[in-house]
Every structure is written in structure tokens, then in C-alpha cells.
Amino acid sequence: DLSHNIILYLEGITVSFDGFRALNALNLYIEAGELRCIIGPNGAGKTTMMDVITGKTRPDEGSAWFGQTIDLLAMKEPEIAAAGIGRKFQKPTVFGSHTVFENLELAMAGDKSVWKILFAKLSAEQLARIDSVLETIGLKDLRSQLAGSLSHGQKQWLEIGMLLMQDPQLLLVDEPVAGMTPQETEKTAELLVSLAGQRSVVVVEHDMDFVRSIARTVTVLHEGSVLAEGPIDQVQNDPKVVEVYLGE
Ligand code: ADP
């Protein structure tokens with residue numbers, strides 16, 4: 001039964017702002033371990049969709065499930081985050097005056113006081129978790145550097161690492177390569193590909209070359225619903241998609 005592999009179900013999601021439908025009966029199904037790219041012109045509803053998944057916006061209609069049992073529409077934003085959905089916004093928000101290591105330590109501890117966290121002794125298991133995330137995000141050698149002194153790309157990777165400290169089953173990433181150098185973009189592609197598999201990763205991205213470099217399945221949103229979905233080559237040549245992008 002394929003539906004057992006689905007980690008995120010959005011069905012018939014409609015969101016209206018003053019009568020304008022930002023999402024219009026949107027259906028989206030994300031499989032466990034999948035790396036999915038969501039593309040679409042400005043105003044297509046991508047941000048609103050992320051807001052619905054994370055509980056920031058409540059839809060007027062539809063249903064949203066995380067796994068088989070978790071009704072996202074019955075939960076508040078912090079509960080959804082705690083249930084295993086991590087969201088990376090476009091702008092990195094790291095603690096600039098703390099080291100890379102401390103940023104991960106703070107992210108692991110959640111919302112306890114900074115003071116308490118940084119003076120607590122870490123268990124061997126906690127140290128190992130931080131080490132493993134440092135390795136994943138490629139910042140092992142910079143663990144003692146202040147986060148404020150990192151490059152833009154390094155800050156973005158650190159923030160992804162901070163989300164990983166909570167071990168989310170679904171990671172939502174908003175335009176991860178905006179403002180990155182070509183080298184940083186390439187490293188980010190590798191990172192996101194490596195993160196999928198153990199968890200699902202949904203990436204909203206404008207940069208088509210980047211999408212091409214990471215995506216297996218692409219979903220194109222347009223006017224609040226799915227215009228096309230499938231392998232990138234198929235979707236890119238879909239006349240409906242070509243028309244929408246030429247009209248931008
Ligand atoms: P995208 O992220 O694909 O650019 P959005 O989800 O941000 O699209 O927006 C979809 C549409 O909904 C846009 O036309 C936008 O102007 C409108 N919209 C989004 N949020 C609000 C809001 N809080 N109030 C009114 N209109 C909104």
C-alpha cells in the first residue's frame with residue numbers, strides 16, 4: 001500500500017484572503033524520504049502552502065495530515081514543530097555572537113535559557129549528535145568560530161544544522177540558494193540531497209538550474225493549485241508550464 005509511505009497529505013486546501021484564493025483546492029502528497037521541489041511564479045501560493053503546513057495559516061477548507069495520525073489542522077505552530085516539521089526561512093537567523101558549536105547546542109535544547117544551556121555539561125550522546133550534525137553540514141572545522149563571522153552560505157548551512165538538532169521528519173526549505181555563490185550553491189545541493197532519504201525535504205525554489213541539480217519530482221504551483229507534477233524534464237517541457245513561465 002503506497003499510502004503508507006506518504007508523510008505529508010494536503011487535500012483540498014483552500015485559503016482565502018479577503019475573497020482572493022491564495023490556495024485553491026490544493027492537493028500535495030510527499031513521500032517519506034523524498035526530496036521535492038516546489039516551483040511556480042510569484043503569487044502562486046508557495047509561501048501560503050508552507051504557512052498551512054506549519055500552522056501559521058489556517059485553511060478555510062481541506063485537510064492536512066502528517067503521517068497517518070497527526071492532524072495538522074488541529075495543532076498550533078509550536079506543536080507542529082515539536083511533532084517533527086522543521087522550517088527554514090530564506091534569511092538565516094543564527095546567534096551571531098555565539099560559536100557554531102553553541103548555536104547547535106542552543107538549537108538542541110530548544111527554548112530553555114541560553115545561560116543555563118551553555119553552562120550545562122553535555123552528555124556523550126549529546127556531544128556525538130552535535131558532532132554528527134557538524135559533519136553533515138560541513139562546518140566541523142569552524143565549530144569554534146562565531147556564527148556572526150560566517151559567510152552567507154555557511155550561515156544557511158548552520159541554520160539547517162540547527163533544525164537537524166530537533167531531528168525533523170519533514171524539512172521545509174525556502175529558497176536556500178538565494179544570494180549564494182556558485183560554489184555555495186553546489187554545496188547546498190549536495191547537502192539537501194544527502195538530507196533526503198532519512199527524512200523528507202521540501203524545497204521552494206526559483207532558480208531552475210538549482211532545481212534541476214537536485215530534484216527528482218517537481219510540483220508546479222499556479223494560482224493556488226497544482227499545475228503540473230512529475231520528473232523535472234517532463235514538467236519543464238509541459239506546455240502549460242512553459243506558458244505560465246513565459247508570462248512572468
Ligand atoms: P508565492 O510564495 O508563491 O509567491 P504567496 O503564497 O506568498 O505566493 O501568495 C499567494 C497570493 O496570496 C498572492 O497573490 C499574495 O498577494 C496573496 N497573499 C498572501 N498572503 C496574504 C495575506 N496575508 N493577505 C492578503 N493576501 C495575501
# chains A, B, ... in the order shown; residues from 1 in each chain; ligands from 1
>>> residues_around(residues="range 219-222 of chain A", least_positions_apart="4", cutoff="7 Å", atoms="only C-alpha atoms", output="PyMOL selection string")
chain A and resi 37-41+44-45+226-230
>>> write_last_selection(atoms="C-alpha atoms", output="mmCIF file, in the first residue's frame")
data_model
loop_
_atom_site.group_PDB
_atom_site.id
_atom_site.type_symbol
_atom_site.label_atom_id
_atom_site.label_comp_id
_atom_site.auth_asym_id
_atom_site.auth_seq_id
_atom_site.Cartn_x
_atom_site.Cartn_y
_atom_site.Cartn_z
ATOM 1 C CA CYS A 37 10.930 20.894 -5.263
ATOM 2 C CA ILE A 38 8.007 23.286 -5.373
ATOM 3 C CA ILE A 39 8.224 25.922 -8.061
ATOM 4 C CA GLY A 40 5.812 28.443 -9.505
ATOM 5 C CA PRO A 41 5.612 32.125 -10.394
ATOM 6 C CA ALA A 44 1.378 31.077 -6.933
ATOM 7 C CA GLY A 45 0.764 30.228 -3.283
ATOM 8 C CA VAL A 226 -1.009 22.162 -8.785
ATOM 9 C CA LEU A 227 -0.466 22.948 -12.469
ATOM 10 C CA ALA A 228 1.926 20.088 -13.170
ATOM 11 C CA GLU A 229 3.867 17.484 -11.281
ATOM 12 C CA GLY A 230 6.477 14.909 -12.195
#
>>> residues_near_ligand(ligand="ligand 1", cutoff="6 Å", atoms="only C-alpha atoms and all ligand atoms", output="PDB file with N, CA and C atoms, in the first residue's frame")
ATOM      1  N   PHE A  17      -7.863  35.146   1.214  1.00  0.00           N
ATOM      2  CA  PHE A  17      -7.591  36.423   1.875  1.00  0.00           C
ATOM      3  C   PHE A  17      -8.553  37.432   1.263  1.00  0.00           C
ATOM      4  N   ALA A  22      -5.672  32.351  -2.312  1.00  0.00           N
ATOM      5  CA  ALA A  22      -4.217  32.137  -2.403  1.00  0.00           C
ATOM      6  C   ALA A  22      -3.924  30.664  -2.646  1.00  0.00           C
ATOM      7  N   ASN A  42       5.665  34.064  -8.942  1.00  0.00           N
ATOM      8  CA  ASN A  42       5.293  34.861  -7.773  1.00  0.00           C
ATOM      9  C   ASN A  42       3.789  34.885  -7.598  1.00  0.00           C
ATOM     10  N   GLY A  43       3.359  34.714  -6.342  1.00  0.00           N
ATOM     11  CA  GLY A  43       1.932  34.758  -6.062  1.00  0.00           C
ATOM     12  C   GLY A  43       1.233  33.429  -6.289  1.00  0.00           C
ATOM     13  N   ALA A  44       1.984  32.390  -6.647  1.00  0.00           N
ATOM     14  CA  ALA A  44       1.378  31.077  -6.933  1.00  0.00           C
ATOM     15  C   ALA A  44       0.788  30.416  -5.694  1.00  0.00           C
ATOM     16  N   GLY A  45       1.281  30.817  -4.519  1.00  0.00           N
ATOM     17  CA  GLY A  45       0.764  30.228  -3.283  1.00  0.00           C
ATOM     18  C   GLY A  45       1.780  29.390  -2.514  1.00  0.00           C
ATOM     19  N   LYS A  46       3.047  29.463  -2.916  1.00  0.00           N
ATOM     20  CA  LYS A  46       4.081  28.619  -2.294  1.00  0.00           C
ATOM     21  C   LYS A  46       4.249  28.941  -0.802  1.00  0.00           C
ATOM     22  N   THR A  47       4.346  30.226  -0.489  1.00  0.00           N
ATOM     23  CA  THR A  47       4.535  30.610   0.907  1.00  0.00           C
ATOM     24  C   THR A  47       3.304  30.257   1.735  1.00  0.00           C
ATOM     25  N   THR A  48       2.148  30.515   1.169  1.00  0.00           N
ATOM     26  CA  THR A  48       0.902  30.196   1.880  1.00  0.00           C
ATOM     27  C   THR A  48       0.822  28.689   2.164  1.00  0.00           C
TER      28      THR A  48
END
>>> residues_around(residues="Arg199 in chain A", least_positions_apart="6", cutoff="7 Å", atoms="only C-alpha atoms", output="PyMOL selection string")
chain A and resi 32-33+169-170
>>> atom_distance(atom1="CA of Asp18 in chain A", atom2="CA of Gly62 in chain A")
18.1 Å
>>> residues_around(residues="Val211 in chain A", least_positions_apart="5", cutoff="12 Å", atoms="only C-alpha atoms", output="VMD selection string")
chain A and resid 35 to 40 175 to 177 185 to 186 188 to 189 192 to 193 202 to 206 216 to 220 231 to 233 235 to 236
>>> select_by_dssp(residues="range 49-186 of chain A", states="strand (DSSP E or B)", output="PyMOL selection string")
chain A and resi 61-66+70-71+85-88+99+146+170-174
>>> write_last_selection(atoms="N, CA and C atoms", output="tab-separated table (two decimals), in the first residue's frame")
chain	number	residue	atom	x	y	z
A	61	GLU	N	-10.72	25.49	4.00
A	61	GLU	CA	-11.22	24.15	3.68
A	61	GLU	C	-10.05	23.21	3.49
A	62	GLY	N	-10.35	21.92	3.59
A	62	GLY	CA	-9.35	20.91	3.28
A	62	GLY	C	-8.83	20.19	4.51
A	63	SER	N	-7.94	19.23	4.28
A	63	SER	CA	-7.33	18.53	5.40
A	63	SER	C	-5.83	18.41	5.18
A	64	ALA	N	-5.12	18.31	6.29
A	64	ALA	CA	-3.66	18.25	6.26
A	64	ALA	C	-3.19	17.28	7.32
A	65	TRP	N	-2.52	16.22	6.89
A	65	TRP	CA	-2.06	15.18	7.82
A	65	TRP	C	-0.56	15.01	7.70
A	66	PHE	N	0.05	14.77	8.85
A	66	PHE	CA	1.48	14.47	8.92
A	66	PHE	C	1.57	13.02	9.35
A	70	ILE	N	-1.35	12.30	12.49
A	70	ILE	CA	-1.26	13.65	13.07
A	70	ILE	C	-2.03	14.65	12.20
A	71	ASP	N	-3.10	15.18	12.78
A	71	ASP	CA	-3.95	16.15	12.09
A	71	ASP	C	-3.36	17.54	12.29
A	85	ILE	N	8.21	18.78	12.14
A	85	ILE	CA	8.27	19.54	10.89
A	85	ILE	C	9.15	20.77	11.13
A	86	GLY	N	10.30	20.81	10.46
A	86	GLY	CA	11.22	21.94	10.62
A	86	GLY	C	11.10	22.86	9.42
A	87	ARG	N	11.15	24.16	9.67
A	87	ARG	CA	11.04	25.11	8.56
A	87	ARG	C	12.23	26.06	8.55
A	88	LYS	N	12.86	26.13	7.39
A	88	LYS	CA	13.99	27.03	7.20
A	88	LYS	C	13.51	28.18	6.35
A	99	THR	N	29.31	30.73	19.12
A	99	THR	CA	30.05	29.91	18.16
A	99	THR	C	29.10	28.99	17.40
A	146	LEU	N	32.76	32.24	15.63
A	146	LEU	CA	31.49	32.93	15.91
A	146	LEU	C	30.60	32.86	14.66
A	170	LEU	N	10.28	15.96	8.50
A	170	LEU	CA	9.99	16.75	7.30
A	170	LEU	C	10.68	18.10	7.46
A	171	LEU	N	11.48	18.43	6.46
A	171	LEU	CA	12.21	19.69	6.48
A	171	LEU	C	11.71	20.55	5.32
A	172	LEU	N	11.22	21.75	5.64
A	172	LEU	CA	10.74	22.67	4.61
A	172	LEU	C	11.78	23.77	4.44
A	173	VAL	N	12.22	23.99	3.22
A	173	VAL	CA	13.32	24.92	2.99
A	173	VAL	C	12.91	25.94	1.94
A	174	ASP	N	12.97	27.22	2.33
A	174	ASP	CA	12.52	28.29	1.46
A	174	ASP	C	13.71	28.95	0.75
>>> residues_around(residues="Gln126 in chain A", least_positions_apart="4", cutoff="10 Å", atoms="only C-alpha atoms", output="number ranges by chain")
A: 105, 108, 121-122, 130-132, 165
>>> atom_distance(atom1="CA of Asn27 in chain A", atom2="CA of Asp60 in chain A")
14.2 Å
>>> residues_around(residues="Glu190 in chain A", least_positions_apart="6", cutoff="10 Å", atoms="only C-alpha atoms", output="list of chain:residue names")
A:Ile137, A:Glu184, A:Ser213, A:Ile214
>>> select_by_dssp(residues="range 21-244 of chain A", states="alpha helix (DSSP H)", output="JSON, numbers by chain")
{"A": [46, 47, 48, 49, 50, 51, 52, 53, 77, 78, 79, 80, 81, 82, 83, 100, 101, 102, 103, 104, 105, 106, 107, 108, 109, 114, 115, 116, 117, 118, 119, 124, 125, 126, 127, 128, 129, 130, 131, 132, 133, 134, 135, 136, 137, 152, 153, 154, 155, 156, 157, 158, 159, 160, 161, 162, 163, 164, 182, 183, 184, 185, 186, 187, 188, 189, 190, 191, 192, 193, 194, 195, 208, 209, 210, 211, 212, 213, 214, 232, 233, 234, 235, 236, 239, 240, 241, 242, 243, 244]}
>>> decode(residues="range 110-242 of chain A", atoms="C-alpha atoms", output="mmCIF file, in the first residue's frame")
data_model
loop_
_atom_site.group_PDB
_atom_site.id
_atom_site.type_symbol
_atom_site.label_atom_id
_atom_site.label_comp_id
_atom_site.auth_asym_id
_atom_site.auth_seq_id
_atom_site.Cartn_x
_atom_site.Cartn_y
_atom_site.Cartn_z
ATOM 1 C CA GLY A 110 15.036 24.330 22.461
ATOM 2 C CA ASP A 111 13.639 27.225 24.451
ATOM 3 C CA LYS A 112 15.473 26.927 27.799
ATOM 4 C CA SER A 113 17.527 29.914 28.889
ATOM 5 C CA VAL A 114 20.727 30.498 26.913
ATOM 6 C CA TRP A 115 22.692 30.863 30.134
ATOM 7 C CA LYS A 116 21.549 27.512 31.502
ATOM 8 C CA ILE A 117 22.212 25.701 28.248
ATOM 9 C CA LEU A 118 25.727 26.983 27.703
ATOM 10 C CA PHE A 119 26.797 26.134 31.245
ATOM 11 C CA ALA A 120 25.218 22.699 31.343
ATOM 12 C CA LYS A 121 27.513 19.729 30.840
ATOM 13 C CA LEU A 122 26.692 17.831 27.659
ATOM 14 C CA SER A 123 26.285 14.080 27.736
ATOM 15 C CA ALA A 124 28.436 11.936 25.461
ATOM 16 C CA GLU A 125 25.341 11.275 23.399
ATOM 17 C CA GLN A 126 24.577 14.994 23.019
ATOM 18 C CA LEU A 127 28.189 15.687 22.014
ATOM 19 C CA ALA A 128 28.014 12.920 19.439
ATOM 20 C CA ARG A 129 24.820 14.380 17.999
ATOM 21 C CA ILE A 130 26.359 17.811 17.629
ATOM 22 C CA ASP A 131 29.455 16.250 16.034
ATOM 23 C CA SER A 132 27.365 14.328 13.587
ATOM 24 C CA VAL A 133 25.408 17.425 12.553
ATOM 25 C CA LEU A 134 28.666 19.430 12.206
ATOM 26 C CA GLU A 135 29.888 16.711 9.876
ATOM 27 C CA THR A 136 26.638 16.707 7.871
ATOM 28 C CA ILE A 137 26.627 20.470 7.330
ATOM 29 C CA GLY A 138 30.366 20.584 6.622
ATOM 30 C CA LEU A 139 31.246 23.011 9.418
ATOM 31 C CA LYS A 140 33.359 20.736 11.609
ATOM 32 C CA ASP A 141 36.486 22.851 11.223
ATOM 33 C CA LEU A 142 34.567 26.029 12.037
ATOM 34 C CA ARG A 143 32.929 24.749 15.220
ATOM 35 C CA SER A 144 34.662 27.365 17.420
ATOM 36 C CA GLN A 145 34.112 30.287 15.079
ATOM 37 C CA LEU A 146 31.493 32.927 15.906
ATOM 38 C CA ALA A 147 28.407 32.417 13.768
ATOM 39 C CA GLY A 148 28.357 36.142 13.007
ATOM 40 C CA SER A 149 31.647 35.818 11.142
ATOM 41 C CA LEU A 150 30.483 33.024 8.810
ATOM 42 C CA SER A 151 29.801 33.558 5.108
ATOM 43 C CA HIS A 152 26.196 33.765 3.957
ATOM 44 C CA GLY A 153 26.294 30.162 2.745
ATOM 45 C CA GLN A 154 27.841 28.890 5.966
ATOM 46 C CA LYS A 155 25.142 30.645 7.992
ATOM 47 C CA GLN A 156 22.478 28.927 5.899
ATOM 48 C CA TRP A 157 24.093 25.520 6.497
ATOM 49 C CA LEU A 158 24.359 26.247 10.210
ATOM 50 C CA GLU A 159 20.689 27.079 10.342
ATOM 51 C CA ILE A 160 19.852 23.826 8.583
ATOM 52 C CA GLY A 161 22.051 22.124 11.181
ATOM 53 C CA MET A 162 20.103 23.844 13.950
ATOM 54 C CA LEU A 163 16.888 22.400 12.533
ATOM 55 C CA LEU A 164 18.518 18.963 12.298
ATOM 56 C CA MET A 165 19.236 19.059 16.042
ATOM 57 C CA GLN A 166 15.484 18.572 16.531
ATOM 58 C CA ASP A 167 15.578 15.601 14.143
ATOM 59 C CA PRO A 168 12.609 16.617 11.965
ATOM 60 C CA GLN A 169 10.968 14.018 9.741
ATOM 61 C CA LEU A 170 9.993 16.746 7.304
ATOM 62 C CA LEU A 171 12.211 19.691 6.480
ATOM 63 C CA LEU A 172 10.736 22.674 4.608
ATOM 64 C CA VAL A 173 13.317 24.920 2.989
ATOM 65 C CA ASP A 174 12.521 28.288 1.456
ATOM 66 C CA GLU A 175 14.817 29.463 -1.390
ATOM 67 C CA PRO A 176 18.014 28.049 0.099
ATOM 68 C CA VAL A 177 20.426 29.334 -2.543
ATOM 69 C CA ALA A 178 19.250 32.938 -2.859
ATOM 70 C CA GLY A 179 22.355 35.115 -2.602
ATOM 71 C CA MET A 180 24.821 32.212 -2.665
ATOM 72 C CA THR A 181 27.989 31.949 -4.731
ATOM 73 C CA PRO A 182 28.079 29.138 -7.350
ATOM 74 C CA GLN A 183 30.341 27.106 -5.038
ATOM 75 C CA GLU A 184 27.965 27.552 -2.091
ATOM 76 C CA THR A 185 25.030 26.646 -4.316
ATOM 77 C CA GLU A 186 26.732 23.413 -5.327
ATOM 78 C CA LYS A 187 27.475 22.500 -1.718
ATOM 79 C CA THR A 188 23.880 23.273 -0.760
ATOM 80 C CA ALA A 189 22.611 20.958 -3.485
ATOM 81 C CA GLU A 190 24.808 18.160 -2.102
ATOM 82 C CA LEU A 191 23.638 18.862 1.432
ATOM 83 C CA LEU A 192 19.935 18.783 0.584
ATOM 84 C CA VAL A 193 20.327 15.606 -1.447
ATOM 85 C CA SER A 194 22.171 13.987 1.454
ATOM 86 C CA LEU A 195 19.466 15.024 3.928
ATOM 87 C CA ALA A 196 16.678 13.349 1.973
ATOM 88 C CA GLY A 197 16.303 9.640 2.497
ATOM 89 C CA GLN A 198 16.464 9.786 6.282
ATOM 90 C CA ARG A 199 13.756 12.452 6.212
ATOM 91 C CA SER A 200 11.628 14.215 3.612
ATOM 92 C CA VAL A 201 12.805 17.546 2.260
ATOM 93 C CA VAL A 202 10.550 20.042 0.504
ATOM 94 C CA VAL A 203 12.347 22.913 -1.209
ATOM 95 C CA VAL A 204 10.675 26.036 -2.563
ATOM 96 C CA GLU A 205 12.996 27.477 -5.175
ATOM 97 C CA HIS A 206 13.025 29.932 -8.080
ATOM 98 C CA ASP A 207 16.420 29.020 -9.513
ATOM 99 C CA MET A 208 15.629 26.443 -12.206
ATOM 100 C CA ASP A 209 19.233 25.348 -12.622
ATOM 101 C CA PHE A 210 19.339 24.581 -8.937
ATOM 102 C CA VAL A 211 16.045 22.706 -9.100
ATOM 103 C CA ARG A 212 17.431 20.700 -11.995
ATOM 104 C CA SER A 213 20.520 19.830 -9.965
ATOM 105 C CA ILE A 214 18.621 18.354 -7.020
ATOM 106 C CA ALA A 215 15.083 17.409 -7.909
ATOM 107 C CA ARG A 216 13.573 14.110 -8.803
ATOM 108 C CA THR A 217 9.991 15.242 -8.603
ATOM 109 C CA VAL A 218 8.871 18.800 -9.141
ATOM 110 C CA THR A 219 5.498 20.299 -8.323
ATOM 111 C CA VAL A 220 4.481 23.463 -10.155
ATOM 112 C CA LEU A 221 2.006 25.676 -8.333
ATOM 113 C CA HIS A 222 -0.053 28.212 -10.194
ATOM 114 C CA GLU A 223 -2.955 30.279 -8.882
ATOM 115 C CA GLY A 224 -3.125 28.237 -5.711
ATOM 116 C CA SER A 225 -3.217 24.727 -7.097
ATOM 117 C CA VAL A 226 -1.009 22.162 -8.785
ATOM 118 C CA LEU A 227 -0.466 22.948 -12.469
ATOM 119 C CA ALA A 228 1.926 20.088 -13.170
ATOM 120 C CA GLU A 229 3.867 17.484 -11.281
ATOM 121 C CA GLY A 230 6.477 14.909 -12.195
ATOM 122 C CA PRO A 231 10.127 14.475 -13.183
ATOM 123 C CA ILE A 232 11.814 17.795 -13.933
ATOM 124 C CA ASP A 233 12.360 17.091 -17.640
ATOM 125 C CA GLN A 234 8.736 16.246 -18.180
ATOM 126 C CA VAL A 235 7.473 19.217 -16.171
ATOM 127 C CA GLN A 236 9.793 21.737 -17.827
ATOM 128 C CA ASN A 237 8.542 20.807 -21.278
ATOM 129 C CA ASP A 238 4.892 20.756 -20.278
ATOM 130 C CA PRO A 239 3.204 23.429 -22.488
ATOM 131 C CA LYS A 240 1.085 24.622 -19.538
ATOM 132 C CA VAL A 241 4.237 25.247 -17.505
ATOM 133 C CA VAL A 242 6.073 26.938 -20.371
#
